[in-house]
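Undergrad: This structure is in structure tokens; I'll ask about it shortly.
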Amino acid sequence: MPDRDVIELLGVRAKGYHGVLDFERRDGQDFVVDVLMGTDLSRAGASDDLADTVSYAEIAAAVVARIEGEPLDLIEALAERIAGDVLLRPEIGDVEVVVHKPQAPVGVPFGDVRVRMRRTRRSAVVVALGSNLGDSTQTLHDAVDALRAHVDLTAVSRTYATDPVGGPEQPDYVNAVAVGTTSLTPWALLTALHGIESGHGRTREVRWGPRTLDLDLVTYGTTGGADETRLVAPVLTVPHPRAHERAFVLVPWLDADPDARLRVDGEVRAVAELVTALDTTGVRAVDGR
Ligand SMILES: Nc1ncnc2c1ncn2[C@@H]1O[C@H](COP(=O)(O)OP(=O)(O)OP(=O)(O)O)[C@@H](O)[C@H]1O
Ligand SMILES: Nc1nc2c(c(=O)[nH]1)N=C(CO)CN2
């Protein structure tokens, strides 16, 4: 479900040098920008903490930097860049940008000229799946199907039978990793993952204890890219803080994406390299390949 809350920042004005005509590049003129950001304000509404939302002052500064920055021919191009900047904030699910050019050289008297642009986020995500109660292989297949409602999957690993790591004595796990893109924010995706877990009878009792289905968000955004998302909070930490030490995550992930990368202690590392440092004997591809 798209976010229903909106932060509206209207009438940000600054002088820029955008335009096709020589005198526009030479003399400059005012540009006015409105930004409407679709988001979920319930966390900030409950916590009263700026860290749980997007500061409109930060967005306003980014808009002014674009208006005053590299001159562009078209207000369409200016709007596109502003939309891209706004969507780098993981809290924003979609954005509408209006760029007004009230002193545009139109040639006749006019009220305003503006472009209106709507953009939705599309972020790379990696989800790890695990199960060790019930028909785990079937559960993982069903969970991948359910995931398709929220993530456009580009690759799904083979399933792996894995020795349990941590927790009480418990049955072997079946693990897999799915890779794709989503229009959901990290928090909306986490809610969707919890919904799929509950749909499979998941309850949270013993830490690292047996479970019908566990879905972890391993990474959000492109590791090493401008949209890489790093969050540290009990409700959501990405990259997943234990993914780098778990062969039951890295081996399937590498199967789905041989070029996978993960940030560990601040450094971007190839998953292929991280795996070489781990004991992988407890991780066996189910179909034997
Ligand atoms: N990257 C993440 N992916 C999934 N859950 C996360 C993540 N970061 C924080 N959490 C939070 O962790 C809480 C506990 O999740 P869960 O019960 O799946 O933990 P676990 O599987 O027992 O342990 P682990 O996190 O080590 O796999 C969730 O309610 C969720 O809000
Ligand atoms: N092999 C294996 N061990 C685990 C797993 C898992 O998915 N596979 N999940 C855990 C908590 O999330 C704890 N231990």
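Residue names in the structure tokens use chain letters A, B, ... in the order shown, residue numbers from 1 in each chain, and ligand numbers from 1 in the order shown.
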Within 12 Å of Thr191 of chain A, counting only C-alpha atoms, which residues qualify if same-chain residues fewer than 6 places away don't, as a PyMOL selection string?

TA: chain A and resi 1+147+150+184-185+197-198+215-217+235-236

Undergrad: Output as CSV one row per residue of chain A within 7 Å of ligand 1: the closest atom pair and its distance in Å to one decimal place, counting only C-alpha atoms and all ligand atoms, sorted by chain and residue number ascending.

TA:
residue,atom,partner,partner_atom_place_in_ligand_line,distance
A:Leu190,CA,ligand 1,4 (C),6.5
A:Arg204,CA,ligand 1,17 (O),5.7
A:Arg207,CA,ligand 1,22 (O),4.6
A:Trp208,CA,ligand 1,22 (O),4.1
A:Gly209,CA,ligand 1,22 (O),6.7
A:Asp214,CA,ligand 1,18 (O),5.5
A:Leu215,CA,ligand 1,4 (C),6.3
A:Asp216,CA,ligand 1,3 (N),3.7
A:Leu217,CA,ligand 1,3 (N),3.9
A:Val218,CA,ligand 1,1 (N),5.5
A:Ala233,CA,ligand 1,9 (C),6.9
A:Pro234,CA,ligand 1,9 (C),5.4
A:Val235,CA,ligand 1,31 (O),3.8
A:Leu236,CA,ligand 1,8 (N),3.5
A:Thr237,CA,ligand 1,8 (N),3.9
A:Val238,CA,ligand 1,1 (N),4.9
A:Pro239,CA,ligand 1,1 (N),6.2
A:His240,CA,ligand 1,1 (N),4.1
A:Arg242,CA,ligand 1,26 (O),6.3

Undergrad: Would you mind exporting the chosen residues as a compact mmCIF listing (two decimals), in the first residue's frame, restricted to all heavy atoms?

TA:
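Below you can see out28.txt, which holds the result:
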# COMPACT_ATOMS: atom_id res chain seq x y z
N LEU A 190 9.55 -3.99 5.68
CA LEU A 190 9.65 -4.80 6.90
C LEU A 190 8.26 -5.21 7.39
O LEU A 190 8.04 -6.36 7.79
CB LEU A 190 10.39 -4.02 8.00
CG LEU A 190 10.63 -4.79 9.30
CD1 LEU A 190 11.67 -5.90 9.09
CD2 LEU A 190 11.08 -3.86 10.43
N ARG A 204 6.94 -15.03 17.80
CA ARG A 204 8.28 -14.71 18.30
C ARG A 204 8.36 -15.13 19.76
O ARG A 204 7.73 -14.53 20.62
CB ARG A 204 8.55 -13.22 18.17
CG ARG A 204 8.74 -12.81 16.76
CD ARG A 204 9.21 -11.38 16.59
NE ARG A 204 9.90 -11.26 15.32
CZ ARG A 204 9.28 -11.31 14.14
NH1 ARG A 204 7.99 -11.46 14.08
NH2 ARG A 204 9.97 -11.22 13.03
N ARG A 207 14.67 -16.33 21.30
CA ARG A 207 15.61 -15.70 20.37
C ARG A 207 16.41 -16.78 19.66
O ARG A 207 16.96 -17.68 20.29
CB ARG A 207 16.55 -14.75 21.12
CG ARG A 207 17.40 -13.99 20.13
CD ARG A 207 18.20 -12.87 20.73
NE ARG A 207 18.68 -12.03 19.61
CZ ARG A 207 19.87 -11.48 19.57
NH1 ARG A 207 20.71 -11.63 20.56
NH2 ARG A 207 20.24 -10.76 18.53
N TRP A 208 16.46 -16.67 18.35
CA TRP A 208 17.18 -17.63 17.51
C TRP A 208 16.60 -19.04 17.65
O TRP A 208 17.26 -20.02 17.35
CB TRP A 208 18.68 -17.63 17.79
CG TRP A 208 19.32 -16.31 17.45
CD1 TRP A 208 18.82 -15.36 16.61
CD2 TRP A 208 20.56 -15.79 17.93
NE1 TRP A 208 19.68 -14.29 16.53
CE2 TRP A 208 20.76 -14.52 17.34
CE3 TRP A 208 21.53 -16.27 18.82
CZ2 TRP A 208 21.88 -13.75 17.61
CZ3 TRP A 208 22.65 -15.50 19.07
CH2 TRP A 208 22.81 -14.25 18.48
N GLY A 209 15.37 -19.14 18.17
CA GLY A 209 14.73 -20.44 18.32
C GLY A 209 14.08 -20.89 17.03
O GLY A 209 14.08 -20.14 16.04
N ASP A 214 11.22 -17.15 8.78
CA ASP A 214 11.94 -15.94 9.18
C ASP A 214 12.33 -15.20 7.91
O ASP A 214 12.93 -15.80 7.01
CB ASP A 214 13.19 -16.35 9.96
CG ASP A 214 13.94 -15.15 10.53
OD1 ASP A 214 13.28 -14.15 10.87
OD2 ASP A 214 15.17 -15.21 10.64
N LEU A 215 11.99 -13.94 7.82
CA LEU A 215 12.37 -13.12 6.66
C LEU A 215 13.18 -11.93 7.16
O LEU A 215 12.68 -11.14 7.97
CB LEU A 215 11.12 -12.62 5.92
CG LEU A 215 10.20 -13.70 5.35
CD1 LEU A 215 8.94 -13.06 4.75
CD2 LEU A 215 10.92 -14.53 4.30
N ASP A 216 14.42 -11.84 6.74
CA ASP A 216 15.28 -10.74 7.17
C ASP A 216 15.62 -9.85 5.99
O ASP A 216 15.90 -10.35 4.89
CB ASP A 216 16.59 -11.28 7.76
CG ASP A 216 16.40 -11.90 9.13
OD1 ASP A 216 15.40 -11.56 9.80
OD2 ASP A 216 17.24 -12.72 9.54
N LEU A 217 15.60 -8.55 6.22
CA LEU A 217 16.04 -7.60 5.20
C LEU A 217 17.56 -7.49 5.32
O LEU A 217 18.07 -6.99 6.34
CB LEU A 217 15.34 -6.26 5.44
CG LEU A 217 15.58 -5.15 4.43
CD1 LEU A 217 15.32 -5.61 3.01
CD2 LEU A 217 14.72 -3.94 4.77
N VAL A 218 18.27 -7.96 4.32
CA VAL A 218 19.74 -8.01 4.40
C VAL A 218 20.34 -6.69 3.96
O VAL A 218 21.16 -6.10 4.67
CB VAL A 218 20.29 -9.17 3.51
CG1 VAL A 218 21.81 -9.21 3.57
CG2 VAL A 218 19.70 -10.50 3.96
N ALA A 233 18.69 0.90 14.23
CA ALA A 233 17.63 1.07 15.23
C ALA A 233 17.12 -0.33 15.55
O ALA A 233 17.19 -1.22 14.68
CB ALA A 233 16.52 1.95 14.69
N PRO A 234 16.61 -0.54 16.77
CA PRO A 234 16.13 -1.88 17.11
C PRO A 234 15.07 -2.36 16.12
O PRO A 234 15.08 -3.53 15.72
CB PRO A 234 15.53 -1.70 18.50
CG PRO A 234 16.18 -0.47 19.06
CD PRO A 234 16.51 0.41 17.89
N VAL A 235 14.19 -1.47 15.69
CA VAL A 235 13.11 -1.91 14.79
C VAL A 235 13.66 -2.28 13.42
O VAL A 235 13.14 -3.19 12.75
CB VAL A 235 11.98 -0.86 14.71
CG1 VAL A 235 12.47 0.43 14.09
CG2 VAL A 235 10.79 -1.37 13.96
N LEU A 236 14.72 -1.63 12.98
CA LEU A 236 15.28 -1.95 11.67
C LEU A 236 16.75 -1.51 11.58
O LEU A 236 17.06 -0.33 11.69
CB LEU A 236 14.47 -1.27 10.56
CG LEU A 236 14.89 -1.64 9.14
CD1 LEU A 236 14.82 -3.14 8.90
CD2 LEU A 236 14.03 -0.92 8.11
N THR A 237 17.61 -2.50 11.39
CA THR A 237 19.02 -2.23 11.13
C THR A 237 19.36 -2.80 9.77
O THR A 237 19.14 -3.99 9.52
CB THR A 237 19.90 -2.87 12.23
OG1 THR A 237 19.57 -2.27 13.49
CG2 THR A 237 21.38 -2.62 11.97
N VAL A 238 19.84 -1.96 8.86
CA VAL A 238 20.33 -2.43 7.55
C VAL A 238 21.67 -1.77 7.25
O VAL A 238 21.82 -0.58 7.54
CB VAL A 238 19.36 -2.16 6.37
CG1 VAL A 238 18.32 -3.22 6.25
CG2 VAL A 238 18.76 -0.79 6.42
N PRO A 239 22.60 -2.49 6.67
CA PRO A 239 22.53 -3.91 6.39
C PRO A 239 22.26 -4.71 7.68
O PRO A 239 22.58 -4.26 8.77
CB PRO A 239 23.91 -4.26 5.84
CG PRO A 239 24.55 -2.95 5.49
CD PRO A 239 23.91 -1.90 6.32
N HIS A 240 21.68 -5.91 7.52
CA HIS A 240 21.41 -6.76 8.67
C HIS A 240 22.73 -6.99 9.41
O HIS A 240 23.73 -7.37 8.81
CB HIS A 240 20.82 -8.10 8.21
CG HIS A 240 20.29 -8.91 9.36
ND1 HIS A 240 21.10 -9.53 10.27
CD2 HIS A 240 19.02 -9.17 9.75
CE1 HIS A 240 20.36 -10.15 11.17
NE2 HIS A 240 19.09 -9.94 10.88
N ARG A 242 24.05 -9.09 11.31
CA ARG A 242 24.72 -10.40 11.44
C ARG A 242 24.86 -11.12 10.09
O ARG A 242 25.45 -12.20 10.04
CB ARG A 242 23.94 -11.29 12.42
CG ARG A 242 24.11 -10.84 13.88
CD ARG A 242 23.14 -11.50 14.84
NE ARG A 242 21.78 -11.01 14.68
CZ ARG A 242 21.33 -9.84 15.11
NH1 ARG A 242 22.14 -9.02 15.75
NH2 ARG A 242 20.08 -9.46 14.92

Undergrad: Which of segment 21-244 of chain A counts as strand (DSSP E) under DSSP, as a PyMOL selection string please?

TA: chain A and resi 29-39+92-100+114-120+123-131+152-156+160-162+173-182+214-220

Undergrad: So, counting only C-alpha atoms, which residue among A:Ser47, A:Thr223, A:Asn132, A:Ser123 is closest to Glu169 of chain A?

TA: A:Asn132

Undergrad: Taking the DSSP assignment computed from this structure's backbone, write out as an NGL selection string all residues of segment 130-213 of chain A that belong to alpha helix (DSSP H).

TA: :A and (136-147 or 186-199)

Undergrad: Under the rule that only C-alpha atoms and all ligand atoms are counted, which of A:Gly38, A:Pro186, A:Pro241, A:Pro90 is the nearest residue to ligand 2?

TA: A:Pro241

Undergrad: At a cut-off of 7 Å, using only C-alpha atoms, what residues contact Leu10 of chain A? Leave out same-chain residues fewer than 3 positions from it and give the result as a list of chain:residue names.

TA: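 The residues that qualify are A:Val33, A:Asp34, A:Val35.
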
Undergrad: Check every protein, DNA and RNA residue against ligand 2, keep those with an atom at most 6 Å away (counting only C-alpha atoms and all ligand atoms), and present them as a PyMOL selection string.

TA: chain A and resi 130+162-166+173+175+208+248

Undergrad: Give me the residues within 12 Å of Val177 of chain A as a PyMOL selection string, counting only C-alpha atoms and dropping any in the same chain fewer than 5 places off.

TA: chain A and resi 125-130+140-141+143-144+147+153-160+214-219+243+247-257+260

Undergrad: Select, from A:Val268, A:Leu88, A:Asp145, A:Leu213, the residue with the minimum atom-to-atom distance to Ala226 of chain A, counting only C-alpha atoms.

TA: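 Counting only C-alpha atoms, the residue closest to Ala226 of chain A is A:Leu88.
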
Undergrad: With only C-alpha atoms as the atoms that count, which of A:Asp5, A:Glu68, A:Asp52, A:Asp142 lies nearest to Asp40 of chain A?

TA: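 Smallest separation from Asp40 of chain A among the options: A:Asp5.
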
Undergrad: Please determine, counting only C-alpha atoms, which residue among A:Ala188, A:Ala176, A:Met117, A:Ala79 has the shortest atom-to-atom distance to Arg4 of chain A.

TA: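 Selected residue with least distance to Arg4 of chain A: A:Ala188.
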
Undergrad: Kindly indicate which residue among A:Val113, A:Leu36, A:Ala104, A:Ala60 lies nearest to Phe23 of chain A, using only C-alpha atoms for the distances.

TA: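 Looking only at the distances to Phe23 of chain A, the closest residue turns out to be A:Ala104.
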
Undergrad: Which residues are near Asp85 of chain A? Cut-off 12 Å, only C-alpha atoms, ignore same chain within fewer than 5 positions. Put them as a VMD selection string.

TA: chain A and resid 35 37 58 to 66 78 to 80 90 92 94 to 95 97 119 121 226 to 227

Undergrad: Give me, please, the distance in Å between atom CA of Gly180 of chain A and atom CA of Leu262 of chain A, quoted to one decimal.

TA: 15.3 Å
